$ cat my_file-v5.cif   # mmCIF, N, CA and C atoms and all ligand atoms
data_my_file
#
loop_
_atom_site.label_atom_id
_atom_site.label_comp_id
_atom_site.auth_asym_id
_atom_site.auth_seq_id
_atom_site.Cartn_x
_atom_site.Cartn_y
_atom_site.Cartn_z
N MET A 1 115.16 59.13 74.61
CA MET A 1 114.58 57.78 74.71
C MET A 1 115.43 56.78 73.92
N ARG A 2 115.54 55.60 74.47
CA ARG A 2 116.25 54.53 73.76
C ARG A 2 115.25 53.43 73.40
N VAL A 3 115.35 52.97 72.17
CA VAL A 3 114.45 51.92 71.67
C VAL A 3 115.30 50.76 71.17
N ALA A 4 115.02 49.58 71.67
CA ALA A 4 115.65 48.36 71.14
C ALA A 4 114.87 47.94 69.91
N TYR A 5 115.59 47.64 68.84
CA TYR A 5 114.98 47.34 67.55
C TYR A 5 115.52 46.02 67.02
N GLY A 6 114.63 45.22 66.44
CA GLY A 6 115.09 44.01 65.78
C GLY A 6 114.11 43.59 64.70
N ALA A 7 114.63 43.10 63.59
CA ALA A 7 113.80 42.63 62.49
C ALA A 7 114.50 41.47 61.80
N ASP A 8 113.72 40.48 61.39
CA ASP A 8 114.35 39.30 60.79
C ASP A 8 114.41 39.40 59.27
N ASP A 9 114.04 40.56 58.74
CA ASP A 9 114.12 40.78 57.30
C ASP A 9 114.18 42.30 57.11
N ALA A 10 114.50 42.71 55.92
CA ALA A 10 114.56 44.14 55.63
C ALA A 10 113.78 44.43 54.36
N ASN A 11 112.97 45.48 54.41
CA ASN A 11 112.23 45.90 53.22
C ASN A 11 111.84 47.37 53.41
N GLU A 12 110.95 47.86 52.58
CA GLU A 12 110.57 49.26 52.68
C GLU A 12 109.93 49.58 54.02
N THR A 13 109.21 48.61 54.57
CA THR A 13 108.55 48.85 55.86
C THR A 13 109.57 48.96 56.99
N THR A 14 110.52 48.05 57.03
CA THR A 14 111.53 48.14 58.11
C THR A 14 112.36 49.41 57.94
N ARG A 15 112.65 49.76 56.69
CA ARG A 15 113.45 50.97 56.48
C ARG A 15 112.67 52.22 56.90
N ALA A 16 111.38 52.23 56.65
CA ALA A 16 110.55 53.37 57.07
C ALA A 16 110.51 53.48 58.59
N VAL A 17 110.41 52.34 59.26
CA VAL A 17 110.39 52.36 60.73
C VAL A 17 111.73 52.86 61.26
N GLN A 18 112.83 52.38 60.68
CA GLN A 18 114.14 52.84 61.14
C GLN A 18 114.32 54.34 60.89
N GLN A 19 113.84 54.81 59.75
CA GLN A 19 113.95 56.24 59.44
C GLN A 19 113.12 57.06 60.41
N ALA A 20 111.93 56.56 60.73
CA ALA A 20 111.06 57.29 61.66
C ALA A 20 111.71 57.38 63.05
N LEU A 21 112.37 56.32 63.46
CA LEU A 21 113.07 56.36 64.75
C LEU A 21 114.21 57.38 64.68
N ALA A 22 114.94 57.37 63.59
CA ALA A 22 116.06 58.32 63.44
C ALA A 22 115.54 59.75 63.41
N ASP A 23 114.40 59.97 62.74
CA ASP A 23 113.83 61.31 62.63
C ASP A 23 113.43 61.87 63.99
N ARG A 24 113.15 60.98 64.92
CA ARG A 24 112.73 61.43 66.26
C ARG A 24 113.91 61.57 67.21
N ASP A 25 115.11 61.40 66.70
CA ASP A 25 116.30 61.50 67.55
C ASP A 25 116.29 60.46 68.66
N ILE A 26 115.71 59.33 68.36
CA ILE A 26 115.70 58.23 69.33
C ILE A 26 116.99 57.45 69.19
N GLU A 27 117.56 57.10 70.34
CA GLU A 27 118.76 56.25 70.31
C GLU A 27 118.30 54.81 70.07
N VAL A 28 118.72 54.24 68.98
CA VAL A 28 118.28 52.89 68.61
C VAL A 28 119.35 51.87 68.97
N VAL A 29 118.94 50.84 69.67
CA VAL A 29 119.82 49.72 69.98
C VAL A 29 119.37 48.58 69.07
N ASP A 30 120.11 48.36 68.00
CA ASP A 30 119.71 47.36 67.01
C ASP A 30 120.32 46.02 67.40
N VAL A 31 119.44 45.08 67.73
CA VAL A 31 119.90 43.77 68.21
C VAL A 31 119.92 42.74 67.08
N THR A 32 119.55 43.16 65.88
CA THR A 32 119.29 42.19 64.82
C THR A 32 120.46 41.23 64.59
N GLY A 33 121.57 41.76 64.16
CA GLY A 33 122.80 40.97 64.09
C GLY A 33 122.70 39.62 63.40
N GLY A 34 121.90 39.52 62.37
CA GLY A 34 121.82 38.27 61.63
C GLY A 34 121.10 37.15 62.34
N GLN A 35 120.45 37.48 63.44
CA GLN A 35 119.76 36.44 64.20
C GLN A 35 118.40 36.11 63.56
N GLN A 36 117.84 35.00 63.97
CA GLN A 36 116.50 34.62 63.55
C GLN A 36 115.48 35.19 64.52
N TRP A 37 114.21 35.11 64.14
CA TRP A 37 113.16 35.78 64.90
C TRP A 37 113.07 35.39 66.38
N PRO A 38 113.34 34.12 66.77
CA PRO A 38 113.23 33.85 68.21
C PRO A 38 114.26 34.64 69.02
N ASP A 39 115.48 34.70 68.52
CA ASP A 39 116.54 35.38 69.26
C ASP A 39 116.42 36.89 69.15
N ILE A 40 115.88 37.36 68.04
CA ILE A 40 115.65 38.80 67.90
C ILE A 40 114.60 39.25 68.92
N GLY A 41 113.50 38.53 68.99
CA GLY A 41 112.46 38.89 69.95
C GLY A 41 112.97 38.85 71.38
N ALA A 42 113.71 37.80 71.70
CA ALA A 42 114.25 37.67 73.05
C ALA A 42 115.26 38.77 73.35
N ALA A 43 116.10 39.10 72.37
CA ALA A 43 117.12 40.13 72.60
C ALA A 43 116.49 41.50 72.82
N VAL A 44 115.45 41.80 72.06
CA VAL A 44 114.75 43.07 72.28
C VAL A 44 114.09 43.06 73.66
N GLY A 45 113.46 41.96 74.00
CA GLY A 45 112.83 41.86 75.31
C GLY A 45 113.83 42.05 76.44
N LYS A 46 114.97 41.41 76.32
CA LYS A 46 115.99 41.53 77.38
C LYS A 46 116.53 42.96 77.45
N ALA A 47 116.69 43.59 76.31
CA ALA A 47 117.19 44.97 76.30
C ALA A 47 116.23 45.90 77.04
N VAL A 48 114.94 45.62 76.93
CA VAL A 48 113.95 46.44 77.63
C VAL A 48 113.96 46.13 79.13
N THR A 49 113.99 44.87 79.47
CA THR A 49 113.89 44.53 80.89
C THR A 49 115.18 44.79 81.66
N ASP A 50 116.32 44.81 80.97
CA ASP A 50 117.56 45.10 81.71
C ASP A 50 117.90 46.59 81.71
N GLY A 51 117.03 47.40 81.11
CA GLY A 51 117.22 48.85 81.15
C GLY A 51 118.08 49.41 80.04
N THR A 52 118.54 48.56 79.14
CA THR A 52 119.30 49.07 78.00
C THR A 52 118.42 49.98 77.14
N ALA A 53 117.15 49.66 77.07
CA ALA A 53 116.21 50.45 76.27
C ALA A 53 114.95 50.71 77.08
N ASP A 54 114.28 51.79 76.72
CA ASP A 54 113.01 52.13 77.38
C ASP A 54 111.85 51.32 76.80
N LEU A 55 111.90 51.15 75.49
CA LEU A 55 110.85 50.41 74.78
C LEU A 55 111.51 49.57 73.69
N GLY A 56 110.75 48.63 73.16
CA GLY A 56 111.26 47.80 72.09
C GLY A 56 110.34 47.81 70.88
N VAL A 57 110.93 47.58 69.72
CA VAL A 57 110.17 47.45 68.46
C VAL A 57 110.71 46.23 67.73
N VAL A 58 109.82 45.30 67.42
CA VAL A 58 110.22 44.12 66.66
C VAL A 58 109.37 43.99 65.41
N LEU A 59 109.99 43.54 64.36
CA LEU A 59 109.27 43.23 63.12
C LEU A 59 109.73 41.89 62.61
N CYS A 60 108.78 41.11 62.13
CA CYS A 60 109.10 39.90 61.38
C CYS A 60 108.00 39.73 60.35
N TRP A 61 108.03 38.66 59.59
CA TRP A 61 107.05 38.55 58.51
C TRP A 61 105.63 38.79 59.03
N THR A 62 105.26 38.04 60.06
CA THR A 62 103.93 38.19 60.63
C THR A 62 103.88 39.18 61.78
N GLY A 63 104.99 39.36 62.43
CA GLY A 63 105.04 40.08 63.71
C GLY A 63 104.82 39.16 64.88
N THR A 64 104.22 38.01 64.63
CA THR A 64 103.85 37.13 65.74
C THR A 64 105.06 36.40 66.34
N GLY A 65 105.98 35.96 65.48
CA GLY A 65 107.12 35.19 65.99
C GLY A 65 107.95 36.00 66.96
N THR A 66 108.30 37.22 66.56
CA THR A 66 109.10 38.05 67.45
C THR A 66 108.31 38.48 68.68
N ALA A 67 106.99 38.66 68.52
CA ALA A 67 106.17 39.02 69.69
C ALA A 67 106.15 37.87 70.70
N ILE A 68 105.96 36.67 70.20
CA ILE A 68 105.94 35.51 71.11
C ILE A 68 107.28 35.37 71.81
N ALA A 69 108.36 35.51 71.04
CA ALA A 69 109.70 35.37 71.63
C ALA A 69 109.96 36.46 72.68
N ALA A 70 109.58 37.68 72.36
CA ALA A 70 109.79 38.77 73.33
C ALA A 70 109.01 38.49 74.60
N ASN A 71 107.79 37.98 74.44
CA ASN A 71 106.95 37.74 75.62
C ASN A 71 107.44 36.58 76.48
N LYS A 72 108.42 35.83 75.99
CA LYS A 72 109.04 34.79 76.83
C LYS A 72 109.94 35.40 77.91
N VAL A 73 110.31 36.65 77.72
CA VAL A 73 111.19 37.32 78.69
C VAL A 73 110.31 37.91 79.79
N SER A 74 110.57 37.52 81.02
CA SER A 74 109.77 38.01 82.14
C SER A 74 109.83 39.53 82.22
N GLY A 75 108.68 40.13 82.31
CA GLY A 75 108.60 41.59 82.38
C GLY A 75 108.30 42.24 81.06
N VAL A 76 108.33 41.46 79.99
CA VAL A 76 107.98 42.00 78.68
C VAL A 76 106.48 41.89 78.46
N ARG A 77 105.94 42.97 77.89
CA ARG A 77 104.54 42.98 77.46
C ARG A 77 104.55 43.43 76.01
N ALA A 78 104.76 42.46 75.14
CA ALA A 78 104.84 42.75 73.71
C ALA A 78 103.45 42.66 73.09
N ALA A 79 103.13 43.64 72.27
CA ALA A 79 101.80 43.70 71.64
C ALA A 79 101.95 43.79 70.13
N LEU A 80 101.26 42.90 69.45
CA LEU A 80 101.19 42.95 67.99
C LEU A 80 100.14 43.99 67.60
N ALA A 81 100.56 44.98 66.84
CA ALA A 81 99.62 46.05 66.46
C ALA A 81 99.68 46.26 64.96
N TRP A 82 98.52 46.59 64.40
CA TRP A 82 98.40 46.78 62.95
C TRP A 82 97.70 48.09 62.61
N ASP A 83 97.28 48.82 63.64
CA ASP A 83 96.81 50.17 63.38
C ASP A 83 97.10 51.02 64.61
N PRO A 84 97.03 52.34 64.47
CA PRO A 84 97.43 53.21 65.57
C PRO A 84 96.58 53.04 66.82
N TRP A 85 95.30 52.77 66.66
CA TRP A 85 94.42 52.62 67.83
C TRP A 85 94.85 51.42 68.67
N ILE A 86 95.20 50.33 67.99
CA ILE A 86 95.67 49.15 68.71
C ILE A 86 96.97 49.47 69.45
N ALA A 87 97.87 50.16 68.78
CA ALA A 87 99.17 50.47 69.40
C ALA A 87 98.99 51.39 70.60
N ALA A 88 98.16 52.40 70.46
CA ALA A 88 97.93 53.31 71.58
C ALA A 88 97.24 52.59 72.73
N GLY A 89 96.27 51.75 72.40
CA GLY A 89 95.57 51.00 73.45
C GLY A 89 96.49 50.04 74.17
N ALA A 90 97.40 49.45 73.44
CA ALA A 90 98.35 48.53 74.07
C ALA A 90 99.22 49.26 75.09
N ARG A 91 99.60 50.50 74.81
CA ARG A 91 100.36 51.31 75.77
C ARG A 91 99.45 51.72 76.94
N ARG A 92 98.29 52.25 76.59
CA ARG A 92 97.41 52.88 77.60
C ARG A 92 96.82 51.85 78.54
N TRP A 93 96.36 50.74 78.00
CA TRP A 93 95.61 49.80 78.84
C TRP A 93 96.42 48.58 79.24
N ASN A 94 97.45 48.27 78.50
CA ASN A 94 98.24 47.06 78.80
C ASN A 94 99.67 47.38 79.19
N ASP A 95 100.04 48.65 79.19
CA ASP A 95 101.42 49.04 79.50
C ASP A 95 102.42 48.25 78.65
N ALA A 96 102.06 48.07 77.39
CA ALA A 96 102.96 47.33 76.48
C ALA A 96 104.31 48.04 76.41
N ASN A 97 105.36 47.26 76.49
CA ASN A 97 106.70 47.85 76.41
C ASN A 97 107.46 47.40 75.16
N VAL A 98 106.86 46.54 74.36
CA VAL A 98 107.43 46.15 73.07
C VAL A 98 106.31 46.18 72.03
N LEU A 99 106.57 46.84 70.92
CA LEU A 99 105.63 46.87 69.80
C LEU A 99 106.09 45.87 68.75
N ALA A 100 105.18 45.01 68.34
CA ALA A 100 105.48 44.04 67.28
C ALA A 100 104.62 44.37 66.06
N MET A 101 105.25 44.31 64.89
CA MET A 101 104.52 44.59 63.65
C MET A 101 104.93 43.60 62.57
N SER A 102 104.00 43.39 61.65
CA SER A 102 104.31 42.57 60.48
C SER A 102 104.99 43.42 59.42
N LEU A 103 106.16 42.97 59.00
CA LEU A 103 106.86 43.71 57.95
C LEU A 103 106.33 43.36 56.57
N LYS A 104 105.49 42.32 56.50
CA LYS A 104 104.90 41.91 55.21
C LYS A 104 103.53 42.53 54.97
N ARG A 105 102.78 42.81 56.03
CA ARG A 105 101.39 43.22 55.88
C ARG A 105 101.16 44.69 56.16
N LEU A 106 102.09 45.36 56.80
CA LEU A 106 101.93 46.77 57.05
C LEU A 106 102.71 47.56 55.99
N ALA A 107 101.99 48.43 55.31
CA ALA A 107 102.65 49.34 54.37
C ALA A 107 103.56 50.28 55.18
N PRO A 108 104.60 50.80 54.54
CA PRO A 108 105.54 51.65 55.28
C PRO A 108 104.86 52.79 56.04
N ASP A 109 103.93 53.50 55.38
CA ASP A 109 103.31 54.64 56.07
C ASP A 109 102.45 54.19 57.24
N VAL A 110 101.82 53.05 57.11
CA VAL A 110 101.00 52.53 58.21
C VAL A 110 101.90 52.11 59.38
N ALA A 111 102.99 51.45 59.08
CA ALA A 111 103.92 51.03 60.14
C ALA A 111 104.44 52.24 60.90
N VAL A 112 104.70 53.32 60.20
CA VAL A 112 105.18 54.53 60.87
C VAL A 112 104.06 55.14 61.73
N GLU A 113 102.83 55.10 61.23
CA GLU A 113 101.70 55.61 62.04
C GLU A 113 101.52 54.76 63.30
N VAL A 114 101.66 53.47 63.17
CA VAL A 114 101.53 52.57 64.33
C VAL A 114 102.66 52.85 65.33
N LEU A 115 103.87 52.96 64.81
CA LEU A 115 105.02 53.26 65.67
C LEU A 115 104.81 54.59 66.39
N THR A 116 104.36 55.59 65.66
CA THR A 116 104.17 56.93 66.25
C THR A 116 103.14 56.89 67.37
N ALA A 117 102.05 56.19 67.14
CA ALA A 117 101.02 56.08 68.17
C ALA A 117 101.58 55.38 69.41
N PHE A 118 102.37 54.36 69.18
CA PHE A 118 102.96 53.61 70.31
C PHE A 118 103.89 54.53 71.11
N LEU A 119 104.74 55.25 70.43
CA LEU A 119 105.73 56.08 71.11
C LEU A 119 105.10 57.30 71.76
N ASP A 120 104.02 57.83 71.18
CA ASP A 120 103.44 59.07 71.68
C ASP A 120 102.39 58.85 72.76
N THR A 121 102.05 57.62 73.04
CA THR A 121 101.03 57.35 74.06
C THR A 121 101.72 57.01 75.37
N GLU A 122 101.38 57.79 76.39
CA GLU A 122 101.91 57.49 77.72
C GLU A 122 101.21 56.23 78.22
N GLY A 123 101.95 55.41 78.90
CA GLY A 123 101.32 54.23 79.46
C GLY A 123 101.73 54.02 80.89
N PRO A 124 100.93 53.41 81.67
CA PRO A 124 99.54 53.06 81.42
C PRO A 124 98.58 54.04 82.08
N ASP A 125 97.32 53.92 81.72
CA ASP A 125 96.25 54.64 82.40
C ASP A 125 96.25 54.20 83.86
N PRO A 126 96.24 55.16 84.82
CA PRO A 126 96.25 54.77 86.24
C PRO A 126 95.11 53.82 86.60
N ASP A 127 94.00 53.91 85.90
CA ASP A 127 92.88 53.01 86.19
C ASP A 127 93.23 51.56 85.90
N GLU A 128 94.30 51.34 85.13
CA GLU A 128 94.69 49.98 84.77
C GLU A 128 95.76 49.41 85.70
N ALA A 129 96.14 50.17 86.74
CA ALA A 129 97.26 49.76 87.59
C ALA A 129 97.05 48.36 88.16
N ALA A 130 95.84 48.09 88.63
CA ALA A 130 95.58 46.78 89.24
C ALA A 130 95.73 45.66 88.21
N ASN A 131 95.25 45.93 87.00
CA ASN A 131 95.36 44.89 85.96
C ASN A 131 96.80 44.66 85.54
N ILE A 132 97.58 45.74 85.46
CA ILE A 132 98.98 45.59 85.09
C ILE A 132 99.73 44.83 86.19
N THR A 133 99.42 45.16 87.42
CA THR A 133 100.05 44.43 88.54
C THR A 133 99.66 42.96 88.49
N ARG A 134 98.39 42.71 88.24
CA ARG A 134 97.90 41.32 88.14
C ARG A 134 98.62 40.58 87.01
N LEU A 135 98.81 41.25 85.90
CA LEU A 135 99.50 40.64 84.77
C LEU A 135 100.89 40.18 85.18
N GLY A 136 101.57 41.02 85.95
CA GLY A 136 102.92 40.67 86.40
C GLY A 136 102.95 39.43 87.26
N THR A 137 101.88 39.18 87.98
CA THR A 137 101.86 38.01 88.86
C THR A 137 101.64 36.71 88.08
N LEU A 138 101.21 36.82 86.83
CA LEU A 138 100.91 35.60 86.06
C LEU A 138 102.18 34.86 85.66
N ASP A 139 103.34 35.53 85.78
CA ASP A 139 104.62 34.85 85.51
C ASP A 139 104.92 33.80 86.56
N ASP A 140 104.36 33.98 87.75
CA ASP A 140 104.78 33.16 88.91
C ASP A 140 104.25 31.73 88.81
O1 LIG B 201 110.59 30.69 58.02
P1 LIG B 201 111.19 31.62 59.03
O2 LIG B 201 112.06 32.67 58.42
O3 LIG B 201 111.82 30.93 60.19
O4 LIG B 201 109.99 32.41 59.67
C1 LIG B 201 109.11 33.13 58.89
C2 LIG B 201 108.28 33.98 59.78
O5 LIG B 201 107.58 33.21 60.73
C3 LIG B 201 107.18 34.04 61.75
O6 LIG B 201 107.12 33.58 63.03
C4 LIG B 201 107.98 35.25 61.66
O7 LIG B 201 107.10 36.23 61.23
C5 LIG B 201 109.00 34.97 60.62
O8 LIG B 201 109.36 36.14 59.99
#

$ encode --input "my_file-v5.cif" --output "structure tokens"
Amino acid sequence: MRVAYGADDANETTRAVQQALADRDIEVVDVTGGQQWPDIGAAVGKAVTDGTADLGVVLCWTGTGTAIAANKVSGVRAALAWDPWIAAGARRWNDANVLAMSLKRLAPDVAVEVLTAFLDTEGPDPDEAANITRLGTLDD
């Protein structure tokens, strides 16, 4: 699996997330490159929609800036999650393809639990197919 990763700051939480990705033998495409949160979110979103990565992970202070930016890319379904149930639900019911987290509010172990739930949950539930299709039409 390949995961596009971007964060607009670095701390114990971002390092824990990067280590967790490395521990899973995931190929990480790091788009950060000194960019600010709007371009980081957009770059992760584009990496997912152009097939460079299967899923994306973004972190910023709140998680919201990178989530909003990623969601500007057509085909991105970025979800801000702060616990594993939210992350799993975003995959299962919303077919989220980008996980956004706050690097300021999530402790390192919690961020890794959220990431793990996101990566380990297959998406989406077949019962949600109509809703996911409907979501795609809202871009038009
Ligand atoms: O003041 P800057 O660094 O532009 O933004 C701070 C935070 O504002 C939010 O959208 C992001 O979470 C970002 O990390």

$ closest_residue --input "my_file-v5.cif" --among "A:Ala117, A:Ala88, A:Met1, A:Trp61" --to "Arg24 (chain A)" --atoms "all atoms listed in the file"
A:Met1

$ closest_residue --input "my_file-v5.cif" --among "A:Gly45, A:Gly6, A:Gly34, A:Gly63" --to "ligand LIG 201 (chain B)" --atoms "all atoms listed in the file"
A:Gly63

$ closest_residue --input "my_file-v5.cif" --among "A:Ala67, A:Val57, A:Val73, A:Ala87" --to "ligand LIG 201 (chain B)" --atoms "all atoms listed in the file"
A:Ala67

$ closest_atom_pairs --input "my_file-v5.cif" --of "chain A" --to "ligand LIG 201 (chain B)" --cutoff "6 Å" --atoms "only C-alpha atoms and all ligand atoms" --output "JSON lines"
{"residue": "A:Asp8", "atom": "CA", "partner": "B:LIG201", "partner_atom": "O8", "distance": 6.0}
{"residue": "A:Cys60", "atom": "CA", "partner": "B:LIG201", "partner_atom": "O8", "distance": 4.0}
{"residue": "A:Trp61", "atom": "CA", "partner": "B:LIG201", "partner_atom": "O7", "distance": 3.6}
{"residue": "A:Thr62", "atom": "CA", "partner": "B:LIG201", "partner_atom": "O7", "distance": 3.8}
{"residue": "A:Gly63", "atom": "CA", "partner": "B:LIG201", "partner_atom": "O7", "distance": 5.0}
{"residue": "A:Thr64", "atom": "CA", "partner": "B:LIG201", "partner_atom": "O6", "distance": 5.5}
{"residue": "A:Gly65", "atom": "CA", "partner": "B:LIG201", "partner_atom": "O6", "distance": 3.4}

$ closest_residue --input "my_file-v5.cif" --among "A:Ala79, A:Asn97, A:Val31, A:Arg91" --to "Asp54 (chain A)" --atoms "all atoms listed in the file"
A:Asn97

$ atom_distance --input "my_file-v5.cif" --atom1 "atom C of Val98 (chain A)" --atom2 "atom C of Gln18 (chain A)"
16.0 Å

$ atom_distance --input "my_file-v5.cif" --atom1 "CA of Thr133 (chain A)" --atom2 "CA of Ala53 (chain A)"
21.2 Å

$ residues_around --input "my_file-v5.cif" --residues "Leu55 (chain A)" --least-positions-apart "5" --cutoff "5 Å" --atoms "all atoms listed in the file" --output "list in words"
Arg2, Val3, Ala4 and Asn97 of chain A

$ atom_distance --input "my_file-v5.cif" --atom1 "CA of Glu122 (chain A)" --atom2 "CA of Arg92 (chain A)"
6.4 Å

$ residues_around --input "my_file-v5.cif" --residues "Thr32 (chain A)" --least-positions-apart "4" --cutoff "10 Å" --atoms "only C-alpha atoms" --output "list in words"
Ala4, Tyr5, Gly6, Ala7, Asp8, Asp9, Gln36, Trp37, Asp39, Ile40, Gly41, Ala43, Val44 and Val58 of chain A

$ select_by_dssp --input "my_file-v5.cif" --residues "region 12-119 of chain A" --states "alpha helix (DSSP H)" --output "JSON, numbers by chain"
{"A": [12, 13, 14, 15, 16, 17, 18, 19, 20, 21, 22, 23, 37, 38, 39, 40, 41, 42, 43, 44, 45, 46, 47, 48, 49, 64, 65, 66, 67, 68, 69, 70, 71, 84, 85, 86, 87, 88, 89, 90, 91, 92, 93, 94, 108, 109, 110, 111, 112, 113, 114, 115, 116, 117, 118, 119]}

$ residues_around --input "my_file-v5.cif" --residues "Thr14 (chain A)" --least-positions-apart "2" --cutoff "10 Å" --atoms "only C-alpha atoms" --output "PyMOL selection string"
chain A and resi 6-12+16-20+58-60+101-104+106-108+111-112

$ closest_residue --input "my_file-v5.cif" --among "A:Val110, A:Leu99, A:Ile26, A:Trp93" --to "Asp127 (chain A)" --atoms "all atoms listed in the file"
A:Trp93

$ select_by_dssp --input "my_file-v5.cif" --residues "region 3-136 of chain A" --states "strand (DSSP E or B)" --output "PDB file with N, CA and C atoms, keeping the file's coordinate frame"
ATOM      1  N   VAL A   3     115.350  52.970  72.170  1.00  0.00           N
ATOM      2  CA  VAL A   3     114.450  51.920  71.670  1.00  0.00           C
ATOM      3  C   VAL A   3     115.300  50.760  71.170  1.00  0.00           C
ATOM      4  N   ALA A   4     115.020  49.580  71.670  1.00  0.00           N
ATOM      5  CA  ALA A   4     115.650  48.360  71.140  1.00  0.00           C
ATOM      6  C   ALA A   4     114.870  47.940  69.910  1.00  0.00           C
ATOM      7  N   TYR A   5     115.590  47.640  68.840  1.00  0.00           N
ATOM      8  CA  TYR A   5     114.980  47.340  67.550  1.00  0.00           C
ATOM      9  C   TYR A   5     115.520  46.020  67.020  1.00  0.00           C
ATOM     10  N   GLY A   6     114.630  45.220  66.440  1.00  0.00           N
ATOM     11  CA  GLY A   6     115.090  44.010  65.780  1.00  0.00           C
ATOM     12  C   GLY A   6     114.110  43.590  64.700  1.00  0.00           C
ATOM     13  N   ALA A   7     114.630  43.100  63.590  1.00  0.00           N
ATOM     14  CA  ALA A   7     113.800  42.630  62.490  1.00  0.00           C
ATOM     15  C   ALA A   7     114.500  41.470  61.800  1.00  0.00           C
ATOM     16  N   GLU A  27     117.560  57.100  70.340  1.00  0.00           N
ATOM     17  CA  GLU A  27     118.760  56.250  70.310  1.00  0.00           C
ATOM     18  C   GLU A  27     118.300  54.810  70.070  1.00  0.00           C
ATOM     19  N   VAL A  28     118.720  54.240  68.980  1.00  0.00           N
ATOM     20  CA  VAL A  28     118.280  52.890  68.610  1.00  0.00           C
ATOM     21  C   VAL A  28     119.350  51.870  68.970  1.00  0.00           C
ATOM     22  N   VAL A  29     118.940  50.840  69.670  1.00  0.00           N
ATOM     23  CA  VAL A  29     119.820  49.720  69.980  1.00  0.00           C
ATOM     24  C   VAL A  29     119.370  48.580  69.070  1.00  0.00           C
ATOM     25  N   ASP A  30     120.110  48.360  68.000  1.00  0.00           N
ATOM     26  CA  ASP A  30     119.710  47.360  67.010  1.00  0.00           C
ATOM     27  C   ASP A  30     120.320  46.020  67.400  1.00  0.00           C
ATOM     28  N   LEU A  55     111.900  51.150  75.490  1.00  0.00           N
ATOM     29  CA  LEU A  55     110.850  50.410  74.780  1.00  0.00           C
ATOM     30  C   LEU A  55     111.510  49.570  73.690  1.00  0.00           C
ATOM     31  N   GLY A  56     110.750  48.630  73.160  1.00  0.00           N
ATOM     32  CA  GLY A  56     111.260  47.800  72.090  1.00  0.00           C
ATOM     33  C   GLY A  56     110.340  47.810  70.880  1.00  0.00           C
ATOM     34  N   VAL A  57     110.930  47.580  69.720  1.00  0.00           N
ATOM     35  CA  VAL A  57     110.170  47.450  68.460  1.00  0.00           C
ATOM     36  C   VAL A  57     110.710  46.230  67.730  1.00  0.00           C
ATOM     37  N   VAL A  58     109.820  45.300  67.420  1.00  0.00           N
ATOM     38  CA  VAL A  58     110.220  44.120  66.660  1.00  0.00           C
ATOM     39  C   VAL A  58     109.370  43.990  65.410  1.00  0.00           C
ATOM     40  N   LEU A  59     109.990  43.540  64.360  1.00  0.00           N
ATOM     41  CA  LEU A  59     109.270  43.230  63.120  1.00  0.00           C
ATOM     42  C   LEU A  59     109.730  41.890  62.610  1.00  0.00           C
ATOM     43  N   CYS A  60     108.780  41.110  62.130  1.00  0.00           N
ATOM     44  CA  CYS A  60     109.100  39.900  61.380  1.00  0.00           C
ATOM     45  C   CYS A  60     108.000  39.730  60.350  1.00  0.00           C
ATOM     46  N   ALA A  78     104.760  42.460  75.140  1.00  0.00           N
ATOM     47  CA  ALA A  78     104.840  42.750  73.710  1.00  0.00           C
ATOM     48  C   ALA A  78     103.450  42.660  73.090  1.00  0.00           C
ATOM     49  N   ALA A  79     103.130  43.640  72.270  1.00  0.00           N
ATOM     50  CA  ALA A  79     101.800  43.700  71.640  1.00  0.00           C
ATOM     51  C   ALA A  79     101.950  43.790  70.130  1.00  0.00           C
ATOM     52  N   LEU A  80     101.260  42.900  69.450  1.00  0.00           N
ATOM     53  CA  LEU A  80     101.190  42.950  67.990  1.00  0.00           C
ATOM     54  C   LEU A  80     100.140  43.990  67.600  1.00  0.00           C
ATOM     55  N   VAL A  98     106.860  46.540  74.360  1.00  0.00           N
ATOM     56  CA  VAL A  98     107.430  46.150  73.070  1.00  0.00           C
ATOM     57  C   VAL A  98     106.310  46.180  72.030  1.00  0.00           C
ATOM     58  N   LEU A  99     106.570  46.840  70.920  1.00  0.00           N
ATOM     59  CA  LEU A  99     105.630  46.870  69.800  1.00  0.00           C
ATOM     60  C   LEU A  99     106.090  45.870  68.750  1.00  0.00           C
ATOM     61  N   ALA A 100     105.180  45.010  68.340  1.00  0.00           N
ATOM     62  CA  ALA A 100     105.480  44.040  67.280  1.00  0.00           C
ATOM     63  C   ALA A 100     104.620  44.370  66.060  1.00  0.00           C
ATOM     64  N   MET A 101     105.250  44.310  64.890  1.00  0.00           N
ATOM     65  CA  MET A 101     104.520  44.590  63.650  1.00  0.00           C
ATOM     66  C   MET A 101     104.930  43.600  62.570  1.00  0.00           C
ATOM     67  N   SER A 102     104.000  43.390  61.650  1.00  0.00           N
ATOM     68  CA  SER A 102     104.310  42.570  60.480  1.00  0.00           C
ATOM     69  C   SER A 102     104.990  43.420  59.420  1.00  0.00           C
TER      70      SER A 102
END

$ axis_aligned_box --input "my_file-v5.cif" --around "region 73-88 of chain A" --padding-each-side "8 Å" --output "AutoDock Vina command-line options"
--center_x 102.8 --center_y 45.0 --center_z 72.5 --size_x 32.8 --size_y 32.7 --size_z 35.8

$ closest_residue --input "my_file-v5.cif" --among "A:Leu138, A:Val76, A:Val29, A:Leu115" --to "Lys46 (chain A)" --atoms "only N, CA and C atoms"
A:Val76

$ residues_around --input "my_file-v5.cif" --residues "Glu128 (chain A)" --least-positions-apart "2" --cutoff "8 Å" --atoms "only N, CA and C atoms" --output "list in words"
Arg92, Trp93, Asn94, Asp95, Pro124, Asp125, Pro126, Ala130, Asn131, Ile132, Thr133 and Arg134 of chain A

$ decode --input "my_file-v5.cif" --residues "region 21-29 of chain A" --atoms "C-alpha atoms" --output "mmCIF file, in the first residue's frame"
data_model
loop_
_atom_site.group_PDB
_atom_site.id
_atom_site.type_symbol
_atom_site.label_atom_id
_atom_site.label_comp_id
_atom_site.auth_asym_id
_atom_site.auth_seq_id
_atom_site.Cartn_x
_atom_site.Cartn_y
_atom_site.Cartn_z
ATOM 1 C CA LEU A 21 3.508 3.947 8.705
ATOM 2 C CA ALA A 22 7.101 2.718 8.479
ATOM 3 C CA ASP A 23 6.357 -0.137 10.896
ATOM 4 C CA ARG A 24 3.618 -1.347 8.567
ATOM 5 C CA ASP A 25 5.938 -1.423 5.556
ATOM 6 C CA ILE A 26 3.780 1.155 3.856
ATOM 7 C CA GLU A 27 5.357 3.073 1.018
ATOM 8 C CA VAL A 28 5.052 6.708 2.064
ATOM 9 C CA VAL A 29 4.905 9.518 -0.461
#
